[in-house]
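Have a look at the structure below before the remarks.
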Amino acid sequence: MSIITITTDFGIKDGNVGAMKGVIWNIAPQAQIADLSHLISPQNIQEAALIVARAAPYFPDGAIHVVVVDPGVGTERRPIAGRLGSQFVVGPDNGVFTLLLQYFEQNNQLVQWVHLDQPHYWLKKISHVFHGRDIFAPVAAHLASGVALEELGSPINDPLRLNVKQPQRTVYGWRGDIIHIDHFGNIHTSIRAEHLGDASVATIRLCGVNIHGLVQTFGERSSGELVALFGSNGNLIVSVVNGNAVRRLNARLEDSVEVFLEE
Amino acid sequence: MSIITITTDFGIKDGNVGAMKGVIWNIAPQAQIADLSHLISPQNIQEAALIVARAAPYFPDGAIHVVVVDPGVGTERRPIAGRLGSQFVVGPDNGVFTLLLQYFEQNNQLVQWVHLDQPHYWLKKISHVFHGRDIFAPVAAHLASGVALEELGSPINDPLRLNVKQPQRTVYGWRGDIIHIDHFGNIHTSIRAEHLGDASVATIRLCGVNIHGLVQTFGERSSGELVALFGSNGNLIVSVVNGNAVRRLNARLEDSVEVFLEE
Amino acid sequence: MSIITITTDFGIKDGNVGAMKGVIWNIAPQAQIADLSHLISPQNIQEAALIVARAAPYFPDGAIHVVVVDPGVGTERRPIAGRLGSQFVVGPDNGVFTLLLQYFEQNNQLVQWVHLDQPHYWLKKISHVFHGRDIFAPVAAHLASGVALEELGSPINDPLRLNVKQPQRTVYGWRGDIIHIDHFGNIHTSIRAEHLGDASVATIRLCGVNIHGLVQTFGERSSGELVALFGSNGNLIVSVVNGNAVRRLNARLEDSVEVFLEE
C-alpha cells in the first residue's frame, strides 16, 4: 500500500486535483491519496513549503509528497523528485521543499535528488501549463509502483532553496517574524521552543501589544483573552481564546515579533 | 478494510487534517479515510454534533468517527471513545457526540464509553493544542487495527451531553427552532416528521413570513418561490426554489419557527 | 479495485458527501473514492458538465463518475446511468453528462444508457430531495461491485443533452465565448486548438482589450502581463501572469471572445 499526498494552489472547484488522482490510479491503482492542502495562496511557494513541512513528517515511510505550486511551469525550471530519509517528494525545482528538506537534514537523514528528465514516465502529451497532471502525478505513481528514484531522472545535488529568515538573538531575548496565519486566526511565528531553551518568557511584543508570559493551552484563559503559547509544531503562536488573533491585532505575514526573556 | 471519518473545525488550508491522516496510516495502513466536514464553525460543538449525526449512520458497521472540535484541548476535559451500536466514535468529552448518541439510543443500540487514559496508544509526544493528531488519530487507528475499545481506556458512563432544545407542542401545532443553515441557504428546523405524525400542515411561520402547506420537493414550484418541505434527514426545512432562503428571510440560527396544523 | 468519483454542488461543510461515501462503502467496501468538485455553483448543470468532462477522461477504465447537480430531484426527471467507452456515469437526466458524452463520441467509443428504474439497487427509504445519497451512490456502488449496467435499469437512448454553443468561423478568424473562470482567475474560452489548426493568432479581443499573439506558458512574460495561451485541456485561455485575469478584465461567463488570425 503506497501513500501519495497532494498539495497545490489549485483550489477545490475546478477538478484539476481530480484529474491528477485519475492519472495516479491509472498507473498505481492501489495508491492511497491524501490531500494536504489545495488552498495554498496562488503561486505562494513559501506558504506551500511551510504547510508541507508541518504535515509530511507524520506520514509513514515510503510516503510520496507531490507539491504543485508552480509559477514557472513550462519554463526552464526543472521538474525534480527527491528521497528525504524514508519519504519521497515530487514537484517543481523552485524551493517548495526547502523546509521539509531542512527537517530531514536536521535529523541526519539521507537526501537524494533527481532531475526528472525521463519522459517515458510522464503522460504522452505534456501541456505547457499543467505539469502536476502530466509529469508530477505520473512520476509519483511510478514511485508508488516501485520504480526506483534513479530511473526517473539524472542525479542532481543543487535543488533550489528558499532563503529562510531565522530568528535573531537580541540583548533581551529573540526577534522573529510572523510566518503563518492559520484557519482560526492564530498567528504563527518563526521563534521556536528550541530557541528559548530553558529560559522563561517575560513578554511577547507584536503589532504594538505586549503579552505577558506563556500559557500551555487556550483553556487556561477566558474567551476573548490574548495568549501566547507553543503551537503543535513547536513554534510560538499568539491566539485569542475562542477568537481570532489576526483580526484582533491586525497582524500581517512578515511582521516582526519580539520575545523578552526573564532576567 | 476499516473506515475512519474525520470531522473538524480546522478548515482545509493548513494541512492539519493531512497530518492526522499520516498518523492514522502509520498505524493502520489499510484504513479508508473520509472527510465529513472540516468547515465546522470554530469551536462550535453543536454544529459538529448535528453534522456528524446526519452523516455517520450511513456508514457501515465498524466505521470509526473522529471528531475534533475541541475548545478545551489540553485542559481537564477528558479524551473519550465510544461504541455506539456497531460504530465507534473518538474525540473530546464535550458533548459533540450527543445527537449521534441519541440516534443510536433511540434505535436501542448498545452504548459503551471509555476515558482514553492509556498513553501507550497515543503519539509519543503530545502537544497541548492538537490532540486530534496526537491522541484521537492514533486511537482511531488502533481501533481500526483491531485493538479492543476496552484496551484504550477505563470505562465511563457519564459522557457530557449537550442540552438539546426540543420542539414544543402548542395549541395550534408545534414551535421549534432553526438548527442549521446549509450550503444552499436552506433553513433546517428542529421540527421533524415524527412530531407531525399524520397531521397536515396548514402554515409555517418564521422570520415574519407565512408559508402555506408543504411540498414534497423543490421542482413542484417555480424558481424563486419560498417552500417548506421535509429534508433528507426528516427535518422540516424552508427553501427558495433554485435560490437561497436564508438570504431571502434574513434567518438566523435559533430563530423560532411555528407550525400550524390543519384543524 | 473500483474507483468512484463524486461531483456535486453540495459544498463541503454539511457532511452530505460524507453520507454518500458511507452508502457506497456499505455496498462496495473496496471502492476508492475521489472528489472531483463539490463547489459547482448551485444548480449549475453547465458548469458541472464542463468540470466533469475535463477530469473524467484521466481516470482508468472502469471508473464510475457520480454527478449530483440536480435541481429536478424528486420530479419526473429520470435517474440514469451510462457506459461511455470504458467508463461509467451515474446521475440525473438533465444534461450534466453532455460534454463527457461528446468526448467519448468523438473518440468513437461505445455509449449505452439506462433509466434507473430498479429500486432494488437503491436505499430502502428514498427522500424526495437527496437522490445522491439514496439512489446514485448505491447504484454507483453496485456497479463498482460488478452488477451489470443492464441490471440497474431499462435501456434508453435519449438522455437529455445541453445545447452547447460552438465557436463560429468569422471573416477574420473565430468568435467564441467565455465558458469557465478558474480558481486562479484565468478565463477559459470555447475556442480550441483544433479550431485554429495551423493558423497563427494575430490578436485576441475580449472585454474591450486586445492581446497580441499567444504564449506557450505564463513564465514567458513578466508578472502582471495579460497573456493568451492554450490551457491544459486545449482551450484558449486568457491569464494575467501571477495575477487574476477575470478581475483585471471584469470578465463574465458567456462574454464573447474574438480571435483574429494572421493573414
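Residue numbers start at 1 in each chain; chains themselves are named A, B, ... in the order of the C-alpha cells; ligands are numbered from 1 in the order shown.
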Within 10 Å of chain A, which residues of chain C come that close, and what is the closest atom pair and distance in Å for each? Count only C-alpha atoms and give it as CSV.
residue,atom,partner,partner_atom,distance
C:Met1,CA,A:Pro29,CA,7.1
C:Ser2,CA,A:Pro29,CA,8.8
C:Ile3,CA,A:Trp25,CA,8.5
C:Thr5,CA,A:Gly18,CA,8.2
C:Ile6,CA,A:Gly18,CA,9.7
C:Thr7,CA,A:Gly15,CA,8.8
C:Asp9,CA,A:Lys13,CA,9.8
C:Gly11,CA,A:Lys13,CA,9.7
C:Ile12,CA,A:Ile12,CA,9.9
C:Gln32,CA,A:Gln32,CA,8.3
C:Ile33,CA,A:Ile33,CA,9.8
C:Ala34,CA,A:Gly18,CA,6.7
C:Asp35,CA,A:Gly18,CA,6.6
C:Leu36,CA,A:Gly18,CA,4.8
C:Ser37,CA,A:Lys13,CA,5.1
C:His38,CA,A:Lys13,CA,6.7
C:Leu39,CA,A:Lys13,CA,5.1
C:Ile40,CA,A:Lys13,CA,6.7
C:Ser41,CA,A:Lys13,CA,9.3
C:Glu47,CA,A:Asp14,CA,9.5
C:Ala48,CA,A:Asp14,CA,9.5
C:Leu50,CA,A:Asp14,CA,9.2
C:Ile51,CA,A:Gly15,CA,5.9
C:Val52,CA,A:Gly15,CA,7.3
C:Ala53,CA,A:Gly15,CA,9.5
C:Arg54,CA,A:Gly15,CA,7.4
C:Ala55,CA,A:Ala19,CA,4.5
C:Ala56,CA,A:Ala19,CA,6.9
C:Pro57,CA,A:Ala19,CA,8.0
C:Tyr58,CA,A:Gly22,CA,5.0
C:Phe59,CA,A:Gly22,CA,3.9
C:Pro60,CA,A:Asn26,CA,4.9
C:Asp61,CA,A:Asn26,CA,8.2
C:Ala63,CA,A:Gly22,CA,8.9
C:His180,CA,A:Asp14,CA,9.2
C:Ile181,CA,A:Asp14,CA,9.0
C:Asp182,CA,A:Asp14,CA,6.3
C:His183,CA,A:Gly11,CA,5.8
C:Phe184,CA,A:Pro42,CA,6.9
C:Val215,CA,A:His128,CA,9.8
C:Gln216,CA,A:His128,CA,6.3
C:Thr217,CA,A:His128,CA,5.7
C:Phe218,CA,A:Gly72,CA,7.3
C:Gly219,CA,A:Gly72,CA,5.5
C:Glu220,CA,A:Thr75,CA,7.4
C:Ser223,CA,A:Pro71,CA,9.9
C:Leu229,CA,A:Val129,CA,9.3
C:Phe230,CA,A:His128,CA,8.3
C:Gly231,CA,A:Val129,CA,6.6
C:Ser232,CA,A:Ser127,CA,5.4
C:Asn233,CA,A:Ser127,CA,8.2
C:Gly234,CA,A:Ser127,CA,8.6
C:Val241,CA,A:Pro71,CA,8.5
C:Asn242,CA,A:Gln43,CA,6.8
C:Gly243,CA,A:Pro42,CA,8.4
C:Asn244,CA,A:Pro42,CA,9.7
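Proximity to stretch 90-102 of chain B at 6 Å, evaluated using only C-alpha atoms and with sequence-adjacent residues fewer than 2 positions away removed, yields B:Ile45, B:Ala49, B:Ala53, B:Val66, B:Val67, B:Val68, B:Arg78, B:Pro79, B:Ile80, B:Ala81, B:Phe104, B:Glu105, B:Gln106, B:Phe136, B:Leu160, B:Arg161, B:Leu162.
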Using Å and a single decimal, report how far atom CA of C:Gln46 sits from atom CA of C:Ala228.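 Atom CA of C:Gln46 lies at a distance of 23.7 Å from atom CA of C:Ala228.
Separating atom CA of A:Arg247 from atom CA of A:Ser222 is a distance of 17.8 Å.
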Using DSSP on the backbone coordinates, identify all residues within stretch 11-238 of chain A classified as alpha helix (DSSP H); present the result as number ranges by chain. A: 16-27, 45-55, 98-106, 131, 137-144, 149-152, 193-196
